[in-house]
Structures are given as C-alpha cells and as structure tokens.
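Q: Got a structure for you, questions after.
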Amino acid sequence: MNLHGSPSPPPVRIGKVTEKSSPGFTFGQQIVLAVVPRIVWALLWVVGLTWRFEVIAEDGVTPVIFGQKAGPEIYCFWHQCVLPCTLYFRHSRAVILISRSFDGELITRTLRMFGFDAVRGSSSRGARPGLLGLKGVIETGRTAIFTADGPRGPIYETKMGPIKLAQATGAPIGAFHLQPEHAWVMNSWDRFLVPRPFTRIIVSWAQWTRVPADLKPEQFQAKREELNRAIERARRRALAHLGQQAS
C-alpha cells in the first residue's frame with residue numbers, strides 16, 4: 001500500500017538477460033536465436049581484441065574511459081554503433097533498454113554473453129515498463145543506456161524516453177558516438193556498423209543534457225532536440241577526426 005491507501009504498483013524486475021525474455025518467435029527464428037548470438041559473441045570477442053579505441057570529447061566534458069564503472073547516469077548513442085559499444089562498455093555494469101522485437105532479442109542474447117543486464121521495452125512497445133525498469137536502475141546507482149533512435153528509427157532521431165527518464169530521476173544524459181575508421185556498413189535502416197579487424201574506433205563525447213524535474217510538457221520537445229543535436233555533434237566530430245564526411 002502507498003501513503004494514499006491504494007495498492008502500490010508491482011515492482012519492475014530487472015534481472016540478468018535471459019533467453020526466455022521474449023517468447024512467441026517462429027521455429028526458424030528460435031533456431032537463429034539459439035545459434036547466431038553465440039557466433040556473434042565469439043567473433044566479436046576475438047575481433048574486438050584487435051580494435052584500438054581513441055577517446056575525444058567536447059570542451060569541458062569528462063569522458064568515460066574504457067573499463068571505468070559509471071554511476072547513476074543515462075547514456076545515449078545511435079543504434080548503428082551497438083557492436084563497438086558492447087566491447088567498450090562491457091565493464092560498466094550498465095543496463096540497456098532493448099526492444100521486444102526479433103532484432104532486439106538477437107541483441108539481448110548477445111549482450112548476455114558479455115555480462116550486461118537488460119530491461120525489455122522500447123518507445124513503441126512496452127515503453128512504460130521499460131522506463132520504470134530503467135528508473136529502478138538509476139535508483140540503485142547503476143547506468144542506464146538507450147539506443148536513442150532504436151528499435152526501428154528513423155535514423156539519427158532521438159525518442160522521448162531518455163528525456164522522461166532524466167526528468168523522473170534527475171540523472172544527467174551523456175551523449176556519445178563510436179565511429180570505426182574502417183567498417184562494413186549494413187544495408188539496414190540504421191546503417192549498422194561492423195568495425196573491421198585492427199581498426200581504430202573514435203569514442204566521441206558531447207556535452208551532457210540535463211532535464212529539470214519541473215520541466216513543462218511543452219518544453220519536452222526542445223530538450224529532445226537538444227539531446228539529438230548532442231549525439232549528432234558527437235558523431236560528426238568523430239567522423240571529422242577521422243577525416244571522413246558525415247552522411
């Protein structure tokens with residue numbers, strides 16, 4: 001019971017990523033889910049050992065260095081750089097919001113092998129339970145991570161979830177992008193990046209976004225756009241650092 005005498009909502013469980021988190025897939029999809037994450041984990045682990053991370057940041061920003069355990073903060077990045085983020089943040093104890101889609105299930109099962117925890121939900125399906133779960137993550141002193149334009153895009157367009165979570169928790173939002181110097185680019189909505197072996201990967205951090213608890217509803221869109229610009233600055237700065245042009 002809460003202070004007003006009404007039943008309290010049931011707690012949102014945040015547990016280790018499990019392979020039974022999203023049932024209902026076809027037999028063929030279940031085969032893919034059983035095999036592909038293990039292959040991806042093995043390949044990513046071996047190839048990831050050859051990657052070289054280089055960190056850059058906007059003036060006044062203190063970046064999170066590889067191996068550092070972050071605190072009760074919110075991190076946002078574009079969906080296309082999930083693979084290098086998996087290696088870079090594998091010691092962070094971060095919890096990631098992942099959609100209940102088939103693609104989300106593939107990512108979830110792969111992340112499980114790297115020791116991440118996950119909350120299932122997205123901006124389009126299971127949004128409220130997902131945000132409640134991440135609120136609990138912040139309250140326990142851990143870091144919550146969003147793929148800001150996932151799970152289906154549009155590409156480079158932040159959803160409102162990080163802003164709502166920041167308002168509810170007071171946690172600052174860190175915007176960053178990981179850009180490989182050499183990568184295969186998949187023919188997908190997010191132009192998914194698969195870094196090549198022995199490549200350099202730029203870890204680019206932009207200014208943090210802070211959301212006051214008393215933010216008015218009509219101001220949410222402006223804050224979302226502020227975060228969007230920050231992540232895009234991080235991406236474009238990483239590309240410029242590599243001498244590449246942004247698309």
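Please note that chains go A, B, ... in the order of the structure tokens, that every chain numbers its residues from 1, and that ligands are numbered from 1 in the order shown.
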Enumerate the residues of region 62-115 of chain A with a DSSP assignment of alpha helix (DSSP H), computed from the backbone, and present them as a list of chain:residue names.
A: A:Val82, A:Leu83, A:Pro84, A:Cys85, A:Thr86, A:Leu87, A:Tyr88, A:Phe102, A:Asp103, A:Gly104, A:Glu105, A:Leu106, A:Ile107, A:Thr108, A:Arg109, A:Thr110, A:Leu111, A:Arg112
Q: DSSP says strand (DSSP E or B) for which residues of region 30-163 of chain A? Put them as a ChimeraX atom specification?
A: /A:52-57,74-77,95-98,117-120,144-147
Q: With distances taken over only C-alpha atoms, which residue among A:Arg100, A:Ile56, A:Pro197, A:Cys81 lies nearest Ala240 (chain A)?
A: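 Of A:Arg100, A:Ile56, A:Pro197, A:Cys81, the one nearest Ala240 (chain A), counting only C-alpha atoms, is A:Ile56.
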Q: Name all residues at most 10 Å from Cys85 (chain A) (count only C-alpha atoms; drop same-chain ones fewer than 4 positions away) and give them as a ChimeraX atom specification.
A: /A:77,79-81,89-90,176-179,203
Q: May I have a table of the residues of region 98-165 of chain A lying at most 8 Å from region 28-39 of chain A, giving each one's closest pair of atoms and their distance in Å to one decimal, counting only C-alpha atoms, ordered by chain and ascending residue number, as a Markdown table?
A:
```
| residue | atom | partner | partner_atom | distance |
| --- | --- | --- | --- | --- |
| A:Phe102 | CA | A:Gln29 | CA | 7.9 |
| A:Glu105 | CA | A:Leu33 | CA | 7.5 |
| A:Leu106 | CA | A:Leu33 | CA | 6.0 |
| A:Ile107 | CA | A:Pro37 | CA | 7.5 |
| A:Arg109 | CA | A:Pro37 | CA | 6.0 |
| A:Thr110 | CA | A:Pro37 | CA | 4.7 |
```
